[in-house]
Amino acid sequence: MTSEEGMSYRAPGGVAMAAPGLESMSNGGSSRRSRAGGDARFAPNGFQYNGRVAIALVPCVILLLGVGGKPVLATLTVGLMVSYILDSLHLKQGAMFGIWGSLFATGFAMILSGSTFSASASITLHILAFFVSFQLMFLIGVWASLQFRWLQLENPSVVLALERLLFACIPFTACTIQTWGVVAAVGMENAAYYMMVFLFELYWLFSLPHPSSFRTKNERAYGGEFADDVLIAGQLEASFHTMALMFLPLLFHVGSHYAHLFSSANAICDLLLLFFIPLLFQLYASTRGGLNWLYKNQHHLQQVRLVNGAIALLVVVLCLEVRVVFLSFGQYIQIPPPWNYLLVTIAAVGGAAGLGAYLAGLIGDAASSTMLVSLMVAAAFSASLVLGMPLKVWLLICAWWWLHLLLALKKR
């Protein structure tokens with residue numbers, strides 16, 4: 001082997017890359033290169049999802065630093081400064097282990113500070129809070145480890161496992177801490193709805209199919225989608241994320257309001273909304289690959305999407321009428337019953353059905369466009385009557401619209 005060949009090696013995917021330093025060449029450097037070459041599609045690269053991780057974890061870190069106070073902040077600051085100095089001295093392994101040590105020292109500082117989580121009422125909540133906090137620090141350490149290129153070159157299988165672990169665990173940890181922070185600020189009354197919103201955000205960021213940052217992406221399955229072995233998450237993680245999205249808000253509400261679950265119509269509507277709103281979101285996410293782990297036949301998935309979406313949309317609209325419209329805005333509705341219920345239902349169901357048809361991609365020709373316009377006009381007409389618009393104004397508007405439609409048909 002010549003000297004030029006000794007200073008470079010063939011990276012996975014067939015791209016020649018500069019070899020690591022001389023210290024990594026010794027003590028088994030050739031065996032590490034062979035391990036890197038064992039995975040034919042591994043490609044050392046920068047982690048491409050730093051923005052998503054920051055959106056999920058930065059609010060959690062801010063919350064825990066605020067709860068922990070000065071001891072936690074001082075411990076973390078000193079540890080990160082030490083890691084920065086080690087990195088400046090080109091001690092890459094020392095810098096990584098310094099970050100991990102800083103995170104664990106921060107966790108112990110939270111325990112020793114004494115005032116942390118003092119508002120918790122039981123030892124069980126203390127233990128759960130510390131467990132979630134340490135889990136957050138572990139995920140931050142995992143994310144920091146993915147930034148070190150030497151780890152990618154020497155342990156490609158570890159890097160792939162860490163990336164998969166990060167995407168699998170962040171939705172659960174971030175949702176728990178963010179919900180905890182909002183509940184501490186505004187109370188438990190609508191805590192399940194806050195959790196539902198956070199789950200929507202985290203599901204969209206981490207649970208939809210995403211290609212790995214460390215695999216070549218030139219291989220695609222039939223239909224232009226990435227092959228399954230290029231994606232970060234597998235079927236197991238996707239199924240857990242889907243179940244969490246569908247059932248965690250409802251179970252959280254049942255656990256926190258079990259004393260009056262069926263005490264009124266509003267309470268029953270809360271139960272229905274906390275199940276069917278996540279179902280609607282899941283069905284919409286399936287248009288972006290959210291259910292590809294469950295349905296490979298896209299025609300079958302479209303049928304499931306339409307049937308379940310129509311049922312869920314109807315239930316959500318009716319529950320929102322009871323829970324929001326007539327409860328909070330009933331004094332503004334000038335039409336006496338039962339016409340007020342009928343007109344509000346037409347307006348809400350018509351508008352929601354039109355929006356759902358558009359999002360589902362059902363509007364694709366002139367006939368469907370005409371039906372959509374007619375549906376939205378009927379919904380707007382009903383809503384305007386409910387809000388008190390004079391009927392004469394609407395008759396003029398409808399006459400103008402029908403005249404415009406007839407002229408358009410004659411031109412064709």
# chains A, B, ... in the order shown; residues from 1 in each chain; ligands from 1
$ closest_atom_pairs --of "region 230-346 of chain A" --to "region 372-378 of chain A" --cutoff "12 Å" --atoms "only C-alpha atoms" --output "CSV"
residue,atom,partner,partner_atom,distance
A:Leu343,CA,A:Ala378,CA,9.8
A:Val344,CA,A:Ala378,CA,11.3
A:Thr345,CA,A:Ala378,CA,11.3
A:Ile346,CA,A:Ala378,CA,7.7
$ residues_around --residues "region 173-178 of chain A" --least-positions-apart "4" --cutoff "7 Å" --atoms "only C-alpha atoms" --output "list in words"
Ala56, Leu57, Cys60, Val132, Leu136, Cys169, Val182, Met195, Phe198 and Leu199 of chain A
$ write_last_selection --atoms "C-alpha atoms" --output "short mmCIF file (atom, residue, chain, number, x, y, z; two decimals), in the first residue's frame"
data_model
loop_
_atom_site.label_atom_id
_atom_site.label_comp_id
_atom_site.auth_asym_id
_atom_site.auth_seq_id
_atom_site.Cartn_x
_atom_site.Cartn_y
_atom_site.Cartn_z
CA ALA A 56 -38.80 20.48 21.15
CA LEU A 57 -36.06 20.67 23.79
CA CYS A 60 -38.02 22.16 28.30
CA VAL A 132 -38.39 13.05 33.27
CA LEU A 136 -34.35 15.20 29.08
CA CYS A 169 -38.06 9.48 22.78
CA VAL A 182 -48.26 25.15 31.05
CA MET A 195 -51.13 18.12 25.90
CA PHE A 198 -48.05 19.68 22.08
CA LEU A 199 -48.51 16.14 20.76
#
$ residues_around --residues "region 97-99 of chain A" --least-positions-apart "3" --cutoff "10 Å" --atoms "only C-alpha atoms" --output "number ranges by chain"
A: 76, 79-87, 92-94, 102-105, 140-141, 144-145
$ closest_residue --among "A:Pro171, A:Pro44, A:Pro336, A:Gly101" --to "Phe240 (chain A)" --atoms "only C-alpha atoms"
A:Pro171
$ closest_residue --among "A:Ser113, A:Gln303, A:Gln152, A:Asn50" --to "Thr75 (chain A)" --atoms "only C-alpha atoms"
A:Ser113
$ residues_around --residues "Phe131 (chain A)" --least-positions-apart "4" --cutoff "12 Å" --atoms "only C-alpha atoms" --output "JSON, numbers by chain"
{"A": [107, 108, 110, 111, 124, 125, 126, 127, 135, 136, 137, 138, 173, 176, 177]}
$ select_by_dssp --residues "region 80-316 of chain A" --states "strand (DSSP E or B)" --output "PyMOL selection string"
chain A and resi 211+215+220+226+231
$ write_last_selection --atoms "N, CA and C atoms" --output "PDB file, in the first residue's frame"
ATOM      1  N   PRO A 211     -35.942  10.841   6.379  1.00  0.00           N
ATOM      2  CA  PRO A 211     -34.723  10.075   6.054  1.00  0.00           C
ATOM      3  C   PRO A 211     -33.609  10.374   7.051  1.00  0.00           C
ATOM      4  N   ARG A 215     -27.441   8.303   6.203  1.00  0.00           N
ATOM      5  CA  ARG A 215     -27.578   7.289   5.162  1.00  0.00           C
ATOM      6  C   ARG A 215     -27.733   7.974   3.822  1.00  0.00           C
ATOM      7  N   ARG A 220     -34.795   4.988  -3.539  1.00  0.00           N
ATOM      8  CA  ARG A 220     -36.192   5.250  -3.231  1.00  0.00           C
ATOM      9  C   ARG A 220     -37.035   4.053  -3.615  1.00  0.00           C
ATOM     10  N   PHE A 226     -38.941   7.429   0.100  1.00  0.00           N
ATOM     11  CA  PHE A 226     -37.700   6.830   0.563  1.00  0.00           C
ATOM     12  C   PHE A 226     -37.943   5.394   0.998  1.00  0.00           C
ATOM     13  N   LEU A 231     -35.207   5.407   6.382  1.00  0.00           N
ATOM     14  CA  LEU A 231     -35.924   6.238   7.339  1.00  0.00           C
ATOM     15  C   LEU A 231     -35.355   6.072   8.739  1.00  0.00           C
TER      16      LEU A 231
END
$ closest_residue --among "A:Ser207, A:Ser369, A:Thr77, A:Gln48" --to "Trp143 (chain A)" --atoms "only C-alpha atoms"
A:Gln48
$ residues_around --residues "Ala192 (chain A)" --least-positions-apart "3" --cutoff "6 Å" --atoms "only C-alpha atoms" --output "list in words"
Met195, Pro249, Phe252 and His253 of chain A
$ residues_around --residues "Ser368 (chain A)" --least-positions-apart "6" --cutoff "10 Å" --atoms "only C-alpha atoms" --output "list in words"
Ala357, Tyr358, Leu362 and Ser374 of chain A
$ closest_residue --among "A:Pro209, A:Pro390, A:Gly309, A:Pro338" --to "Leu359 (chain A)" --atoms "only C-alpha atoms"
A:Gly309
